[in-house]
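Structure first, then comments.
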Protein chains: 4
Amino acid sequence: MSGTDGKTNIRKVVLAYSGGLDTSIILKWLQETYNAEVVTFTADLGQGEEIEPARKKAEMLGIKPENIFIEDVREEFVRDYVFPMFRANALYEGIYLLGTSIARPLISKRQIEIARQTGADAVCHGATGKGNDQVRFELSYYALEPSIKIIAPWREWAFKGREDLLDFARRNQIPVAKDKEGESPFSIDANLLHSSSEGKVLEDPAQKPPEMVYQRTISPMDAPDKVTTIKIGFEKGDAVSLNGQKLSPATLLKALNDLGRDNGIGRIDLVENRFVGMKSRGVYETPGGTILLHAHRAIESLTLDRGAAHLKDELMPRYAELVYYGFWFSPEREMLQAAIDKSQEHVEGEVTLELYKGNVIVVGRESAKSLYTPNLVTFEDDKGAYDQKDAQGFIKLNALRLRTLAARDRK
Amino acid sequence: MSGTDGKTNIRKVVLAYSGGLDTSIILKWLQETYNAEVVTFTADLGQGEEIEPARKKAEMLGIKPENIFIEDVREEFVRDYVFPMFRANALYEGIYLLGTSIARPLISKRQIEIARQTGADAVCHGATGKGNDQVRFELSYYALEPSIKIIAPWREWAFKGREDLLDFARRNQIPVAKDKEGESPFSIDANLLHSSSEGKVLEDPAQKPPEMVYQRTISPMDAPDKVTTIKIGFEKGDAVSLNGQKLSPATLLKALNDLGRDNGIGRIDLVENRFVGMKSRGVYETPGGTILLHAHRAIESLTLDRGAAHLKDELMPRYAELVYYGFWFSPEREMLQAAIDKSQEHVEGEVTLELYKGNVIVVGRESAKSLYTPNLVTFEDDKGAYDQKDAQGFIKLNALRLRTLAARDRK
Amino acid sequence: MSGTDGKTNIRKVVLAYSGGLDTSIILKWLQETYNAEVVTFTADLGQGEEIEPARKKAEMLGIKPENIFIEDVREEFVRDYVFPMFRANALYEGIYLLGTSIARPLISKRQIEIARQTGADAVCHGATGKGNDQVRFELSYYALEPSIKIIAPWREWAFKGREDLLDFARRNQIPVAKDKEGESPFSIDANLLHSSSEGKVLEDPAQKPPEMVYQRTISPMDAPDKVTTIKIGFEKGDAVSLNGQKLSPATLLKALNDLGRDNGIGRIDLVENRFVGMKSRGVYETPGGTILLHAHRAIESLTLDRGAAHLKDELMPRYAELVYYGFWFSPEREMLQAAIDKSQEHVEGEVTLELYKGNVIVVGRESAKSLYTPNLVTFEDDKGAYDQKDAQGFIKLNALRLRTLAARDRK
Amino acid sequence: MSGTDGKTNIRKVVLAYSGGLDTSIILKWLQETYNAEVVTFTADLGQGEEIEPARKKAEMLGIKPENIFIEDVREEFVRDYVFPMFRANALYEGIYLLGTSIARPLISKRQIEIARQTGADAVCHGATGKGNDQVRFELSYYALEPSIKIIAPWREWAFKGREDLLDFARRNQIPVAKDKEGESPFSIDANLLHSSSEGKVLEDPAQKPPEMVYQRTISPMDAPDKVTTIKIGFEKGDAVSLNGQKLSPATLLKALNDLGRDNGIGRIDLVENRFVGMKSRGVYETPGGTILLHAHRAIESLTLDRGAAHLKDELMPRYAELVYYGFWFSPEREMLQAAIDKSQEHVEGEVTLELYKGNVIVVGRESAKSLYTPNLVTFEDDKGAYDQKDAQGFIKLNALRLRTLAARDRK
């Protein structure tokens, strides 16, 4: 279990390869530094870019066709990662929908599977040494394959800055797009759940982000001045339909993203606490996810018992922290998931929402599994459904310890 | 410590008296039923109605001048109840800002103080036997004065419906406003933090609330199509200034309410779980509070350590539950408050927000106590502030147990 | 859902019947008061008394043979209630092993099942109005059969004291044992997990319990002055063998009880907080359960990952509170159970313990699923299993936020 | 904030110096490797060894008299570290009383203070790279002095094993006691709260520890066959008297240690999860602390409200984890402490305990602040203190959500 130190003894490495400039540089650097066979894995997680071009680039950089893995994992991503997380109503630090965090375990899992399939002894990712993603990738790798070797080029190589990287790219015939010549103004991550932007123009948390930062939403100010009403249907806590039409997980999230984008929904601008110990400022866009969170809470409000609902709320911050820190493949996340999933068995029904210039407004919820009991709550005659006299005993016994305490404290 | 059963042995009772029809009926009913001297307490909590008229009404109903207590408690309310709760970022069931819940302990506390001052042996409130407020009032009464007698007319009297009440009112020369002749379409509570509406037209959670339900906000659709930018300043976790101007707690909240109202901010429509066991549907408006929550989280994001912030998030649901259930005056709420207050010592600085058609958008935060360290987080050269090599050891030891586990599970 | 108020409309009631004096009085009182057909349910939970005599008594009191249910539920009790609870290492208030609490849901469940089978519309228990057991019975009844009618004689009847009860017994030809003529010195509950004693001579918490209070353990002082060494085997978190011999759940717990009794193990004397609001003082004996708790923690210490173990410890107090309060059949207990059970998949192996005069001393644990890794932890040469250099990075990133904080606070 | 890497730029270093062989080697190694002035800090934490001999040794190794700090910190240790922790009833992983963990922050704090006083720019400890103590020392250093340089020789030097160290000692005229010539059979840490043993003969968790491992307790089997009865008095949650005699914190703990030792109390043998990721096996002796924990829980059982007690129990595992991991000087530990201390205001009174062959048996508790109310709990006539009818309403409203759920689920 000893580690990743020796640079000589790696034979074959599975690289998480986007096809972009940075991971192309890594690809070349791996070949040079480790003299290792490189296997590329390029996943369509809904980032909004074509992935097939990555094949040509990989070939051009000398990767054998059988070592090029290009896959559309969008359905798996939403079904097995995004939806389970949304069952928890997970928000990191009260606000962040964990869009980047939740994609890493899936990429890691596929890299490990490909490593097994191709007989690779190492995996490699393109995350920097300052961020959370390196942790998420590597904890996942280790949790799935404890003796895997891990290469984290950003922590290892000698390049000093962007210019060194570009030099290396030019020396190695890696095409550098014109607009990459200068420093990119900020760093972007994207998948079907969200896009994030960090760095550069965003590094002063006192300054408003420039509009150009936003990738997948229009501003509330630019959204149409009219309400869009939608209905989302749920089964076992997962969204299954939009406006009455059954949709697959990824298709549904895609459709919500379009609705969110057009109505200026899902932007957040926050200062967050990274697992590696510093604060960072990010701008996130989660249009569909934001709608989904409101809808899920609304259907839960109707169908979830109070005991279950409150326990979920108490467990949520821990769950979100685990996902954010990279502990998706951990016993404690799985324990929490078991508890959460247990609660979702009857979370079904339909929620009506209005989307309007950044607002997601719940205006109705219905369910065959509703626990809302009109004759209990009514101000009208309830025909004996509820005996108001019971409240006296309820209060008196709840108060008993407080009265005993007060009597003691006045002595 | 035996209770409130005998109706004969009450000499003097302090009634939470709004001056409205219902509490006027209660006043008269107390006189009749208990043959007791009634003391009225009418508080200005910012509900938006004049309280002086209550004096005349009370006099007219036979209350002695020295038994009429009319007080403006708005500053105490915001300073000692609302602000401490906002330090916790308290949200009940993920969404409700606890506007009604937080007002009850203060009213109860003043009733008990007045009971001591006037030698009264009982207190009385006008909350029904189905709701949370009866619990909040009575737990507070008992926690402060364990042997107090409590009268809860709605649980005791024989009136069967609204018509019986109106009959009683007419028989007793209690003025009934024309618009009260019919059943009111829903029940309203209001104070400086929020207004709530429940019942009647809202009893079907599948139906959108009619616009007339809203008391203190205009609709986002009706709000002006332009951004209002404001700055809120904080000290020790409490808001202290607006746009650079120091304001008292109540004045500041009032100003935020006005800003929220004009920009369509702070409406929620939810199904909630009452402490007495059933679900109810409510519409709440918390314009200033909604702005304040965003601003407080934003200033915390800059000035609160991660360990403190995450612990706060984990404690919050319990704190909110305690406030909602009526346990403000309980040792466990006070313990949580001690922990929360401890965390707020350096929560100071200024937050810039944009208000726009229902949106509260944080666009900047600054603090002399900022923990945001640009040279740690920068993508640029950090001049040694952070050694990326450290991340490897950090990850490897965090992964160690997961690797051990994976090695075990594959055996 | 209206309740149990009318005494006239009950046709058939299932009584939890021990065959003892008190429940015989209840039986007769039910016949008299409700003019209802009574069905008796007598369960062998391991309380240590014969249950067959209850049949004769019931017949003698006029119960039809087909209405007499006498069952040995010991295996179900241990397998489906005691063991799941022990997976959680549940302790109420840090010390109480919940021996009484855990028996109530099973009795309630069988009463409801028998009610369905016999067409009864009501159930009845013999718990008083001051204790926790009434709550545990009734919450379970309601959770399983929401419209069941519940009769709680101790809260309803007019008897003023023990003498009234005895008079009623004599009038109704219920045999009263000589030693029941006087007031019993304390109240006892017993089942295979524990016995409890409360009341009378125990009511002063400053006074040491007299030795006669103890039912099923000898005093540590009287236990033999020699060590008894035993081995307990576990699978999926449950005890399955003793000294290498596979045993059924109830048989195993019985054997541990004998071992515990003989070695003076499992006595506690505590002041506890009841759900109904007051403190009470009890003396509990849980000989086998005490051994089991030590053994279970020991096998977990070897086979459970840290993340899972710590999460379990954090959830445990809530779990114990739910069991104590009577919420066994609640969504939140089931959620916690799902989380706990998830953690127990690999909790297997064998623990060696020494029993000696009140002490349970773990002296060894072994498991094919052990996560203990000698070459990681050794002070000797670990051949690269662990790189001490990793610790520096681990510490530095864990310290980063604290350093940032300290730098801020010194400004 | 950059780190401790360069070995050249350290001028003066404060070493936690025990006077023993290992830290003497470190002392010399520091002088050689860093060419730095060494300041020694030797603390009497109650480890049971004279500390004055350390002065001579330090002088002999070339330390200037003004650079030798020798202090008795026992009272500070117990008053400001041990007692606050015991207010929390802290147990790590259900069993460990944190005896080693709690000493590290105090040593660290004094090292930092001495560094400031002497103008030192570095601190140094003798903990290895595999354990928890390195983390506890260094997190404390960094939390108190964020730019301090830290030297951890065990992680840095090139010595390969014990023999290398002894060679170095001999080369440098460091006296090596005869019994240190061979490998020590296990590693020991001790202070007034406990002693711990790890390693070597203990490395197989299936094997019983040999009796020679134990430092400060006799075996229960060897303890006298008679009961020792003691009384411990508390104020604000801290022990203040023994058998009616007021004692200072350290004196009291010392006296309890003696009582515990003589009665075979406080041994534990466990497998624990280290913060750095592996499991280790340790044997701990905490004689006085074990007595104290029982006594503190007993006085709390009488004087602490249920709400406070249960919240404490839920927070405890987190608190214990923080102390164990080394986060004593962290905002989250301080927040939890604030909550816990808030609860202890009325935790006062006296507890009677019997000590007998490994057993600590609570037999009585009394307090002027008792919340135990005999007339509430009595089985006898309570003269109206408690109305059993209240229980019905209490149960019915607690059951309401469960009944609603059951009615829903049967549809």
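By convention here, the chains of the structure tokens are called A, B, ... in the order presented, each chain's residues are numbered starting at 1, and ligands are numbered starting at 1 in the order presented.
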
Within 7 Å of chain D, which residues belong to chain C? Use only C-alpha atoms and report them as a ChimeraX atom specification. /C:93,129-130,135,139,142-146,155,199,203,205-208,269,271-273,278-280,301-302,306,310,313-314,317,330,358-359,362-366,372-374,376-379,388-389,391,395,399,402-403,406-407

Apply DSSP to the backbone of this structure and, from segment 153-389 of chain A, keep only the residues in strand (DSSP E); write these as a ChimeraX atom specification. /A:187-190,195-198,228-235,238-242,245-246,267-273,279-285,349-356,359-366

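Atom CA of Glu163 of chain A is found 21.4 Å from atom CA of Leu202 of chain A.
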
Between D:Gln344, D:Gly266, D:Gly237, D:Glu49, which has the minimum distance to Ser219 of chain D (counting only C-alpha atoms)? D:Gly266

Go through segment 20-204 of chain C and collect every residue that DSSP, computed from the backbone, puts in helix (DSSP H, G or I); the answer should be as a VMD selection string. chain C and resid 21 to 34 53 to 60 65 to 67 74 to 87 101 to 118 133 to 144 153 to 156 162 to 171 178 to 180 200 to 202
